[in-house]
Amino acid sequence: MDYQELYQKKLRSPDEAVQAVRSGDWVDLNACLCFPTLLDEALSRRRDELRDVKLRGNLILGPIRTVECDPEQEHFQYNSWHLSAYERRLFDRGLCSFMPMLYRDQASYYRKYLTVNVAMAAVPPMDRHGYFNLSVMTGVTKAILDKADVVILEVNEHLPRLLGGFDESIHISEADYVVEGAHAPLAQFIPSAPTEEELRIAGLILPHIRDGAALQLGIGNLPNTIGEQIARTDVRDLGMHTELCSDAYRLLARSGQLTNRRLALHRGKGMAGLIFGTQELYDWVDDNPAVIGAPLSYINAPEVIAQLDDVISINNCIAVDLYGQVSAESAGFRQISGTGGQLDFLTGAMMSRGGKAFLCMTSSFLDRSGVRRSRILPHFSGDIVTDPRTLAAYIVTEYGVANLAGRSAWERAEALIGLAHPDFREELIAAAGAQKIWRRSNKR
Amino acid sequence: MDHWAEYRKKLCTSAEAVRLVKDGDWVDYCQTCSFPTALDAALAARRDELHDVKIRGSITMRPAQVVEQDPEHRAFTYHAWHCSALDRSYIDRGLAYHIPMLFRDNGVYYSRGYAPVNVAMVTVTPMDDDGYFNYGLSNCCMQELLDCADKIILEVNASMPTVYGTAGDHIHISQVTHVVEADTPIAVVPSREPDEIDRRIASVIFPFLYDGVTLQLGIGGMPNALGALIADSDLKDLGMHTELMSDGYLDLYAAGKITNRRKMLDRGKGIFSICSGSRELYDFLDGNRDILSAPIRYTNDPQVIRQLDHFVSINGCISCDLYGQVCSETVGTRHISGTGGQLDFAAGAFEAEHGQAFLAMASTFVDRQGVRHSRILPRFCDGDVITTPRAQVMNIVTEYGVARLPGLPTWQRAEQIISIAHPDFREELIAAAQAQKIWRRSNKR
């Protein structure tokens, strides 16, 4: 059959397509910019006829109508793999549960354990071969669609097309229904001007970035700042092997420093599983042969990362205790984000020849009442440990860089207190003494 | 030079050998059975003339004289990569410090210079006629440790069995500075008898085993109870791929359960990296061609473990929270043991085709005052160290059952975990889950 004919045969209105959902179902809404807004709206209109429909999503920027229309959660209950700022607000309102995961394993949870009755995903228009590209979310989408009993694709005319890699597209023959409609322009992440602390942290990391390094930059302002700072140096031939592609990479490509030429795998190709940034970024990745999409089960696999030399992984964290445990996802039991790929890249960078993984944070923050609080704590109280102390190596604050690998408890305490805001060092030393991790010869 | 002539030239007393140690040095004792008893005593005797000498050990099996003779640690500071009961008591008393590590990376800390070594002192077998000493019961990261040491002193002990290795199992006389001879038999540890709860946990895990699985067992009463169940069953053709060889495996070998015939790697050979147990176990390993020691960078590498289809990893833990975070090494900030290979095997077993990883504990414990406490906590508040992050925990086991966690949202995790809590604590855990917003109205009690 001709693909256009097949397309027309599967084309439905959003309201018709969501008839596939039944009470008690698990429905996947995909992730980030590939969240299907029209299908979500249509599903929310079926609220009163459905009960106990469980929804899964990931980094969805909102609003999610199915969640907003049912604050009692009689009809719809929402779960996220990694919280966006919007989902964090849902979490605080009790409208979102978190699903702990490692990005590299997420596809295997679907394959081995999870039920997906209906999967819905936004995709760019079909090409002449009958394929829909998975666009800015090649990360786990194919695994979700493969597992689903029913697949509904929502064509979003704004989504860019990413060359693969693999698992970067789905064929019309694999979809059950297709819907169309008008969409708002894609949401953007616009970085704000860097703070002085961020500039100092970037300055501390820069000397570790050598020609030919394979860069993994996490989400947020700091990675962008580091990208901007690298663009001012003469470091050359950088590579992109990352779960998230942000504007930092676009800047480095523009300055001619991102060539991917020295990557030991996929030479000449920068690889990402998720793209989020400005419209300029979306235009840059669109049909760009130097940027390929692939699943995170591959990109984030430590044995893949290990094959690349000089992997430099840079991620944010929230707090560190004196043992070197790192929380990058919660404040107490309030979920902030998720583990994402941080632990995958820590593990892989440790195995990479010349590899280094940096976990960065400001040494302190001001709380709502204007009181300064240390992010280096004697020990945790209810915070989720994202990175066990056995895997966290380089910790960075505006006061310096400490490598904890192979270091004993007292050496760790000394190094971490050296990164703390000076106002807190004495009390941290006292705590280290009480916790028996301070040696008489420790340096203050 | 003739090897024996070189041997005689390098042979000296322990007191002479330890003169190599200088102020500020890092000295390394390797671990468990490789602990150099005679050299340790000789080094301790230099207490009044040395300063700031840092010593690394691991799973110390008999009193370290550098600690015992220097309680103020004026001359010596002792460290353990992984803690025995003795190390734990040293740390409790402020006499030693833990060094956090992943076993698979233990060698890397040495080879990358993160853990420097000025003088290595380790126990080995007597030299053979080719000039080689065998590392015996500790393959571990002995090679990386000795490769990065400035000076090497071997303590020859005839009671150390010869164990063939896949790699890194021997050193030549030409590579060492001194040799000393010792006759104190290497240490043994008694096997712990299972109690009633151990037996119940073992019986919860047992149905997950089947013919041909490759087993990684930790040490203790529960693995021993499981071993006894297996020995009495009609399971067959099991494989051994483990970091720690213990008496539990000896019983399985004795019962003919381990053939290693169906393993995807090292077919026909049982593989381990370190060993502690009874003298009978050491004698069993001596020259045994059925069993090889391997570097811990191999045994504990998730990339290796994942190639072993039907891999089953069973380890102990101390407590967990309702999110599925697992603590296996501290109680609050009190240090108990270490991460060891738990995270290595949790990662590798999860990724193996048909792999299973179990973290097992009794649902409760009774404190010194006789009060019962749940090991399943609403959340960790007292500085407990998380050994296995919730994103890498596969199955948690108590005597009440198994909670399988991958891919589950927090509310399903809470339900699963509370279902294996002691019944006396379930209501209060549900109340805590509600307060922590991880309990849905439809959750099952």
# chains A, B, ... in the order shown; residues from 1 in each chain; ligands from 1
>>> residues_around(residues="Asn403 in chain A", least_positions_apart="5", cutoff="8 Å", atoms="only C-alpha atoms", output="PyMOL selection string")
chain A and resi 393-395
>>> interface_residues(of="chain B", to="chain A", cutoff="7 Å", atoms="only C-alpha atoms", output="ChimeraX atom specification")
/B:94,97-102,109,114-115,303,333,379-383,386-387,389-391,406-410,436-437
>>> residues_around(residues="Asp169 in chain B", least_positions_apart="2", cutoff="9 Å", atoms="only C-alpha atoms", output="VMD selection string")
chain B and resid 133 to 136 138 to 139 142 to 143 163 to 167 171 293 to 295
>>> select_by_dssp(residues="range 29-236 of chain B", states="helix (DSSP H, G or I)", output="JSON, numbers by chain")
{"B": [32, 33, 34, 37, 38, 39, 40, 41, 42, 43, 44, 47, 48, 49, 65, 66, 67, 68, 85, 86, 87, 88, 89, 90, 91, 92, 103, 104, 105, 106, 107, 108, 109, 110, 111, 142, 143, 144, 145, 146, 147, 148, 173, 174, 175, 196, 197, 198, 199, 200, 201, 202, 203, 204, 205, 206, 207, 208, 221, 222, 223, 224, 225, 226, 227, 228, 229, 230, 231]}
>>> atom_distance(atom1="CA of Lys22 in chain B", atom2="CA of Lys443 in chain A")
20.9 Å
>>> select_by_dssp(residues="range 318-417 of chain A", states="strand (DSSP E or B)", output="PyMOL selection string")
chain A and resi 319-321+326-327+330-331+334-335+356-360+364-366+372-374+376-377+387+394-397+400-403
>>> atom_distance(atom1="CA of Gly227 in chain B", atom2="CA of Ser419 in chain B")
26.1 Å
>>> residues_around(residues="His310 in chain B", least_positions_apart="3", cutoff="9 Å", atoms="only C-alpha atoms", output="ChimeraX atom specification")
/B:210,212-215,263,349,352-356
>>> write_last_selection(atoms="C-alpha atoms", output="PDB file, in the first residue's frame")
ATOM      1  CA  TYR B 210      16.803 -22.882  38.937  1.00  0.00           C
ATOM      2  CA  GLY B 212      22.193 -23.459  35.614  1.00  0.00           C
ATOM      3  CA  VAL B 213      22.097 -20.143  37.469  1.00  0.00           C
ATOM      4  CA  THR B 214      25.410 -18.503  38.281  1.00  0.00           C
ATOM      5  CA  LEU B 215      25.552 -17.469  41.926  1.00  0.00           C
ATOM      6  CA  LYS B 263      28.399 -20.433  32.542  1.00  0.00           C
ATOM      7  CA  ALA B 349      23.030  -8.655  37.599  1.00  0.00           C
ATOM      8  CA  ALA B 352      22.415  -9.693  32.602  1.00  0.00           C
ATOM      9  CA  GLU B 353      19.858 -11.537  30.494  1.00  0.00           C
ATOM     10  CA  HIS B 354      17.478 -13.107  33.047  1.00  0.00           C
ATOM     11  CA  GLY B 355      19.673 -11.638  35.786  1.00  0.00           C
ATOM     12  CA  GLN B 356      18.393 -11.105  39.315  1.00  0.00           C
TER      13      GLN B 356
END
>>> residues_around(residues="Glu193 in chain B", least_positions_apart="6", cutoff="12 Å", atoms="only C-alpha atoms", output="list in words")
Arg199, Ile219, Gly220, Gly221, Met222, Pro223, Asn224, Ala225, Leu226, Gly227, Ala228, Asp247 and Gly248 of chain B
>>> closest_residue(among="A:Tyr7, A:Phe76, A:Phe166, A:Phe132", to="Pro295 in chain A", atoms="only C-alpha atoms")
A:Phe166
>>> closest_residue(among="B:Ile417, B:Ser174, B:Gln412, B:Ser89", to="Arg334 in chain B", atoms="only C-alpha atoms")
B:Ser89
